[in-house]
Each structure stands twice: as structure tokens, then as C-alpha cells.
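**Q** Dropping in run.cif, with mmCIF, C-alpha atoms and all ligand atoms.
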data_data
#
loop_
_atom_site.label_atom_id
_atom_site.label_comp_id
_atom_site.auth_asym_id
_atom_site.auth_seq_id
_atom_site.Cartn_x
_atom_site.Cartn_y
_atom_site.Cartn_z
CA MET A 94 80.98 101.05 84.12
CA THR A 95 80.84 102.61 87.54
CA VAL A 96 79.70 106.05 88.65
CA ASN A 97 81.16 108.25 91.35
CA PRO A 98 78.05 109.08 93.40
CA ASN A 99 79.53 112.28 94.81
CA VAL A 100 78.53 115.39 92.86
CA TYR A 101 80.20 118.79 93.28
CA CYS A 102 78.72 122.12 92.18
CA GLY A 103 81.78 123.59 90.45
CA GLU A 104 80.79 127.11 91.50
CA CYS A 105 81.40 127.53 95.25
CA SER A 106 84.63 128.97 96.67
CA TYR A 107 85.91 125.47 97.52
CA CYS A 108 85.28 124.08 94.04
CA LEU A 109 86.84 127.16 92.43
CA SER A 110 89.96 126.66 94.54
CA GLY A 111 90.20 123.03 93.40
CA ARG A 112 89.07 121.47 96.67
CA LEU A 113 86.13 119.61 95.18
CA GLY A 114 85.72 117.29 98.16
CA LEU A 115 84.90 120.26 100.36
CA CYS A 116 82.15 121.57 98.02
CA GLU A 117 79.56 123.32 100.13
CA ASN A 118 76.78 122.18 97.79
CA SER A 119 77.94 118.58 97.39
CA LYS A 120 75.31 115.94 96.75
CA GLY A 121 75.32 112.15 96.86
CA PHE A 122 73.42 110.10 94.28
CA GLY A 123 70.85 107.97 96.06
CA SER A 124 71.26 109.71 99.42
CA ASN A 125 70.31 113.40 99.11
CA PHE A 126 70.14 113.49 95.31
CA GLN A 127 67.87 111.70 92.83
CA GLY A 128 69.15 108.54 91.22
CA PHE A 129 70.54 105.04 91.78
CA PHE A 130 67.46 103.65 93.49
CA ALA A 131 65.95 103.38 90.03
CA GLU A 132 66.16 101.29 86.89
CA TYR A 133 67.85 104.12 84.96
CA ALA A 134 69.95 107.05 86.16
CA VAL A 135 71.63 110.02 84.48
CA ALA A 136 75.14 111.06 85.53
CA ASP A 137 77.60 113.66 84.29
CA HIS A 138 80.18 111.99 82.05
CA ARG A 139 82.99 113.22 84.34
CA LEU A 140 81.62 110.95 87.06
CA VAL A 141 81.53 107.81 84.89
CA PHE A 142 84.51 105.41 84.87
CA SER A 143 85.24 102.27 82.91
CA THR A 144 85.75 99.08 84.92
CA GLU A 145 86.52 97.03 81.84
CA GLY A 146 88.33 93.82 82.72
CA LEU A 147 87.27 93.88 86.37
CA PRO A 148 84.83 91.24 87.64
CA LYS A 149 81.58 92.84 88.87
CA ASP A 150 82.29 91.57 92.39
CA VAL A 151 85.48 93.64 92.38
CA ALA A 152 84.20 96.65 90.43
CA VAL A 153 81.48 97.12 93.04
CA PHE A 154 84.24 98.21 95.45
CA SER A 155 85.27 101.22 93.33
CA GLU A 156 83.48 103.71 95.56
CA PRO A 157 84.59 102.42 99.00
CA THR A 158 88.13 101.98 97.68
CA SER A 159 88.13 105.57 96.41
CA CYS A 160 87.08 106.71 99.89
CA ALA A 161 90.03 104.74 101.27
CA MET A 162 92.32 106.43 98.73
CA HIS A 163 91.06 109.80 99.85
CA GLY A 164 91.74 108.85 103.46
CA LEU A 165 95.32 108.03 102.50
CA GLU A 166 95.70 111.33 100.63
CA SER A 167 94.54 113.11 103.77
CA LEU A 168 97.08 111.28 105.94
CA GLN A 169 100.16 112.11 103.84
CA MET A 170 102.21 109.45 105.60
CA ARG A 171 105.99 109.60 105.80
CA PRO A 172 107.79 106.62 104.24
CA GLY A 173 108.24 103.81 106.77
CA GLY A 174 105.51 105.11 109.04
CA SER A 175 103.22 102.81 110.99
CA ALA A 176 99.44 102.85 110.98
CA LEU A 177 96.69 101.40 113.11
CA VAL A 178 93.23 100.92 111.59
CA LEU A 179 90.55 100.55 114.26
CA GLY A 180 87.67 98.71 112.62
CA ALA A 181 87.71 95.78 110.21
CA GLY A 182 84.57 96.64 108.26
CA PRO A 183 84.79 96.84 104.45
CA THR A 184 86.23 100.36 104.36
CA GLY A 185 88.72 99.68 107.16
CA LEU A 186 90.01 96.62 105.32
CA LEU A 187 90.23 98.47 102.00
CA LEU A 188 92.03 101.40 103.58
CA ALA A 189 94.56 99.19 105.30
CA GLN A 190 95.37 97.38 102.06
CA ALA A 191 95.73 100.59 100.07
CA HIS A 192 98.31 101.60 102.63
CA ARG A 193 101.90 100.74 101.75
CA HIS A 194 103.10 101.19 105.30
CA ARG A 195 103.18 98.82 108.23
CA TRP A 196 99.68 98.57 109.44
CA ARG A 197 97.49 96.77 111.91
CA VAL A 198 93.73 96.34 111.75
CA VAL A 199 91.69 95.92 114.87
CA ARG A 200 88.20 94.51 114.85
CA ASP A 201 86.03 95.92 117.54
CA GLY A 202 83.66 93.40 119.11
CA ARG A 203 81.84 95.07 121.98
CA GLY A 204 82.93 98.70 122.51
CA ALA A 205 86.70 98.56 122.59
CA GLN A 206 86.72 95.39 124.61
CA ARG A 207 87.03 92.39 122.36
CA VAL A 208 89.85 92.89 119.98
CA GLN A 209 91.13 90.91 117.07
CA ALA A 210 94.10 92.26 115.24
CA ARG A 211 95.35 91.39 111.79
CA HIS A 212 98.81 92.47 110.93
CA ARG A 213 100.41 92.77 107.54
CA GLU A 214 104.01 93.74 106.93
CA ALA A 215 104.76 96.48 104.43
CA GLY A 216 104.71 95.27 100.85
CA SER A 217 103.89 91.71 101.85
CA ALA A 218 100.70 89.85 101.04
CA SER A 219 100.79 87.73 104.17
CA THR A 220 98.50 88.38 107.10
CA ARG A 221 98.50 87.06 110.62
CA SER A 222 95.93 87.33 113.33
CA CYS A 223 96.08 87.73 117.06
CA ARG A 224 93.51 88.25 119.74
CA SER A 225 94.11 90.73 122.49
CA PRO A 226 93.39 89.53 126.04
CA ALA A 227 92.49 93.10 127.01
CA THR A 228 89.11 93.52 128.66
CA THR A 229 88.81 97.31 129.04
CA PRO A 230 89.42 100.21 126.62
CA ARG A 231 92.42 101.27 128.73
CA ALA A 232 93.92 97.78 128.66
CA THR A 233 93.20 97.51 124.93
CA CYS A 234 94.97 100.82 124.41
CA ARG A 235 97.98 99.69 126.42
CA SER A 236 98.36 96.35 124.63
CA LEU A 237 98.01 97.98 121.20
CA ARG A 238 100.59 100.62 122.06
CA GLU A 239 103.01 97.96 123.29
CA ALA A 240 102.53 96.11 119.99
CA SER A 241 103.50 99.18 117.92
CA PRO A 242 106.90 99.16 116.16
CA HIS A 243 108.57 101.49 118.69
CA GLY A 244 106.28 100.73 121.61
CA ASP A 245 105.03 104.32 121.75
CA GLY A 246 102.04 104.22 119.41
CA TYR A 247 101.49 104.69 115.68
CA ASP A 248 102.24 107.47 113.21
CA ALA A 249 98.65 107.26 112.03
CA VAL A 250 95.62 105.97 113.91
CA ILE A 251 92.51 105.61 111.80
CA GLU A 252 89.16 105.45 113.57
CA ALA A 253 86.98 103.40 111.20
CA THR A 254 84.30 102.08 113.55
CA GLY A 255 82.12 105.11 114.31
CA SER A 256 82.23 104.12 117.99
CA THR A 257 82.98 106.91 120.48
CA ALA A 258 84.53 104.36 122.88
CA VAL A 259 87.04 103.46 120.18
CA ALA A 260 87.55 107.09 119.11
CA ALA A 261 88.47 107.94 122.71
CA ILE A 262 91.62 105.77 122.57
CA CYS A 263 92.88 107.21 119.26
CA VAL A 264 94.92 110.13 120.62
CA PRO A 265 96.65 107.99 123.29
CA LEU A 266 97.52 105.43 120.59
CA THR A 267 99.16 108.04 118.35
CA ARG A 268 102.89 108.61 118.67
CA ARG A 269 104.57 112.03 118.76
CA GLY A 270 103.86 114.11 115.65
CA GLY A 271 101.30 111.55 114.47
CA THR A 272 97.81 111.91 113.06
CA VAL A 273 94.40 110.67 114.12
CA LEU A 274 92.11 110.23 111.10
CA VAL A 275 88.39 110.32 111.85
CA TYR A 276 87.05 108.01 109.15
CA GLY A 277 84.14 106.20 110.86
CA VAL A 278 80.74 107.89 111.05
CA THR A 279 79.26 108.76 114.44
CA ARG A 280 75.89 110.38 115.08
CA ASP A 281 76.25 114.15 114.87
CA GLU A 282 75.39 114.74 118.54
CA GLU A 283 78.03 112.33 119.87
CA VAL A 284 81.10 113.64 121.72
CA VAL A 285 84.60 112.21 122.23
CA GLU A 286 86.93 113.53 124.93
CA PHE A 287 90.68 114.01 124.61
CA HIS A 288 93.36 115.77 126.63
CA PRO A 289 94.31 119.03 124.87
CA TYR A 290 97.62 119.15 126.76
CA ASP A 291 98.54 115.77 125.28
CA VAL A 292 97.67 116.96 121.74
CA PHE A 293 99.68 120.15 122.36
CA ARG A 294 102.69 118.51 123.98
CA ARG A 295 103.08 115.66 121.50
CA GLU A 296 101.99 117.71 118.45
CA ILE A 297 99.17 115.37 117.41
CA THR A 298 97.06 116.23 114.37
CA ILE A 299 93.36 115.29 114.33
CA LYS A 300 91.87 115.19 110.82
CA GLY A 301 88.62 114.17 109.17
CA SER A 302 88.06 112.29 105.93
CA PHE A 303 84.59 112.60 104.41
CA ALA A 304 83.68 111.88 100.80
CA GLU A 305 86.09 111.69 97.91
CA MET A 306 85.69 113.52 94.64
CA THR A 307 88.90 112.80 92.78
CA SER A 308 90.05 109.32 93.81
CA PHE A 309 88.01 107.02 91.54
CA ALA A 310 90.69 106.51 88.90
CA ALA A 311 93.33 105.65 91.53
CA ALA A 312 90.90 103.26 93.23
CA ILE A 313 90.10 101.41 90.01
CA ASP A 314 93.83 101.15 89.25
CA ALA A 315 94.44 99.67 92.71
CA LEU A 316 91.66 97.12 92.19
CA ARG A 317 92.93 96.25 88.69
CA GLY A 318 96.50 95.84 89.83
CA GLY A 319 95.55 93.71 92.84
CA ARG A 320 97.06 96.13 95.34
CA VAL A 321 93.64 96.16 96.98
CA ARG A 322 91.95 92.77 97.18
CA THR A 323 88.27 92.38 97.89
CA ASP A 324 87.78 88.62 98.20
CA GLY A 325 85.83 87.69 101.29
CA ILE A 326 84.53 91.20 101.98
CA VAL A 327 81.04 90.67 100.47
CA THR A 328 79.00 88.87 103.12
CA HIS A 329 75.47 88.94 101.66
CA ARG A 330 73.85 89.08 98.21
CA TYR A 331 70.36 90.17 97.30
CA SER A 332 68.30 90.35 94.14
CA LEU A 333 66.95 93.69 92.91
CA ASP A 334 63.54 92.81 94.37
CA GLU A 335 65.16 92.40 97.81
CA TYR A 336 66.63 95.92 97.89
CA GLY A 337 64.50 96.94 100.89
CA GLN A 338 65.40 93.75 102.72
CA ALA A 339 69.12 94.44 102.12
CA LEU A 340 68.82 97.90 103.69
CA ASP A 341 66.88 96.49 106.67
CA ASP A 342 69.44 93.74 107.19
CA LEU A 343 72.35 96.20 107.01
CA ARG A 344 70.68 98.22 109.74
CA ASN A 345 69.64 95.34 112.00
CA ASP A 346 71.77 92.26 111.31
CA LYS A 347 75.31 92.53 112.69
CA THR A 348 76.51 89.69 110.43
CA VAL A 349 75.85 91.84 107.32
CA HIS A 350 79.08 93.74 106.66
CA LYS A 351 78.88 94.24 102.91
CA ALA A 352 75.66 93.61 101.01
CA VAL A 353 75.61 93.50 97.21
CA ILE A 354 72.56 93.79 94.98
CA VAL A 355 72.82 91.44 92.00
CA PRO A 356 70.28 92.43 89.30
ZN ZN B 1 81.10 123.45 95.11
#
Take the structure I supplied and represent it as C-alpha cells, if you would.

**A**
Amino acid sequence: MTVNPNVYCGECSYCLSGRLGLCENSKGFGSNFQGFFAEYAVADHRLVFSTEGLPKDVAVFSEPTSCAMHGLESLQMRPGGSALVLGAGPTGLLLAQAHRHRWRVVRDGRGAQRVQARHREAGSASTRSCRSPATTPRATCRSLREASPHGDGYDAVIEATGSTAVAAICVPLTRRGGTVLVYGVTRDEEVVEFHPYDVFRREITIKGSFAEMTSFAAAIDALRGGRVRTDGIVTHRYSLDEYGQALDDLRNDKTVHKAVIVP
């Protein structure tokens, strides 16, 4: 079993218009709502999903995969479109795989300076890697744009790092009529600059993707069918007694990308 940790109220104007993800009273189990940091928890049956047949190591990705599915729903890509995912953390990797389009994932080392790109052709399981020689955000931007299918950027550019230095190159990397998806989490006081004339002239859309409310079933299907693969994403494992240590390591140890608690 797995539980969607995002709870909607069902009564606000957003919920009543069917936009559950925008609920103005939304809560998250274990973050701003009781539960999940305990031996037992109670959840509404509508939030509980069967993961029968899935190994636990795969089922544990139901929630991040459902966030990736929601990101894709938000993008509404045209068939044959290209996408660039900036950030090769767990959610960036899941999102890129859920994507059926041509995509490229960029791992951000220091700011936007050290870049490693993994590229997967549409519908193919093969991946290949390359390392950009670029040393500045501007040079990184230029080399990534040159590597795009038409040399003029990508139909969708997904910011999945939470770094403002990376977010700043998203609009320039988007091709005409394309979309920037803000998927990474920055601190709420941080600011990213862009040129409004460029957004106006090239008709760029800038969108956000927060929590999902309705994507769990699709995510579990994608994990069951192998469309989204999770091998190699878990980097660290902890026992239940080490829960506090796991949170500390996630905060302080840059080698911890995905920590799993194994009771
Ligand atoms: Zn609501």
C-alpha cells in the first residue's frame, strides 16, 4: 500500500471547481499535518493506493513519480516536442523518464557551471552521457541551446534544481512558443530575473508545478509497466531508528540524493 500525502479540503472554490491541486487549505502528511512520522497513521481511503506486485524499492517512488506526472500534465507538450530537464536529482530523473518526448537531463554541479548531460531518444531505453566544457552560465546556456534539435532551444525547459543561477537560463533556453516549468524549490525570498521583452516577443509561457492530487494512479501504472525505472536512484538506506540521521544527512551531505527508511 502507499498513501498520497497531499490532502485537499473538498470545500474551497478550487476544490469545488475540480482543481484539487490548487486547494487553498491543502495539507501534507508529515509536513504541516499530523501523521507519517509515527508507527501508525490514519488516511482517507481515497488517498490509499495498492502497490501490489511492485517491489518496495520501486513502490517508494509512487509519490515523486506522481509529482513528475503532474509536471507533465502541466506542460501539455505537443507530439514530437523537445524537453530539457535541468537537474538530475530523483524527481528530475523521474520526470524525464515519464516524458515520451526527446529530452535531455542536465546535472548541475556548482551553480550552472559544471554540466553533465544525459540524453535519451524518444521511446528508446538507451541513454548516453556527455560533459559540457562550458564554464559560465552564459556558455552553458549557449552550448545547451546549440545541442537542441533545431539549435534554437527546447519546447519545454524544466527547472528541477531550485537554483536561481540555473533558473535564470531557462527562458533563454526555451524556443519560440515554449514553456518554462518551475519544478525545483527555491527559498521564498529568492528572485530570478528575465527579460519581459523576450517572453513577449517569443511568446514564452512560465508555469509552476507544485503538489499533485490526482496523479497517483498514473504514477503507479508507470512504475508497474516499467515506463519509469527507479534503479540506481536510491543512494542511502536507514533503519527506522536512524530517521533523524537520514533527515540530517539529506540536509548536510551532498552525496545523499534519495534516502529510504527501511523498517
Ligand atoms: Zn480545497

**Q** Find, counting all atoms listed in the file, the residue in A:Val96, A:Cys102, A:Leu343, A:Ile299 that gets nearest to ligand ZN 1 (chain B).

**A**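 With all atoms listed in the file as the atom set, the closest residue is A:Cys102.
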
**Q** Which residues are near ligand ZN 1 (chain B) - at most 7 Å, using only C-alpha atoms and all ligand atoms? Format: as a ChimeraX atom specification.

**A** /A:101-108,113,116-119

**Q** Given the point (67.6, 102.2, 97.5) in the file's coordinates, find the residues that have an atom at most 10 Å from it, counting only C-alpha atoms, and give them as a VMD selection string.

**A** chain A and resid 123 to 124 128 to 131 333 336 to 337 339 to 340

**Q** Take atom CA of A:Asp342 and atom CA of A:Ile354 and report the distance between them in Å, one decimal.

**A**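 Taking atom CA of A:Asp342 and atom CA of A:Ile354, their separation equals 12.6 Å.
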
**Q** From the options A:Thr323, A:Thr348, A:Thr184, A:Thr144, which residue's atoms come nearest to A:Ala253, counting all atoms listed in the file?

**A**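 Checking each candidate against A:Ala253, we get A:Thr184 as the closest.
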
**Q** Point out the residue among A:Leu266, A:Gly121, A:Gly185, A:Leu168 with the least atom-to-atom distance to A:His243, counting only C-alpha atoms.

**A**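 The answer is A:Leu266, which sits nearest to A:His243.
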
**Q** Could you name the residues that touch A:Ala161 at 9 Å or less, counting only C-alpha atoms, but leaving out those on the same chain fewer than 6 positions away, as a list of chain:residue names?

**A** A:Thr184, A:Gly185, A:Leu187, A:Leu188, A:Ala189, A:Ala191, A:His192, A:Glu305, A:Ser308, A:Ala312
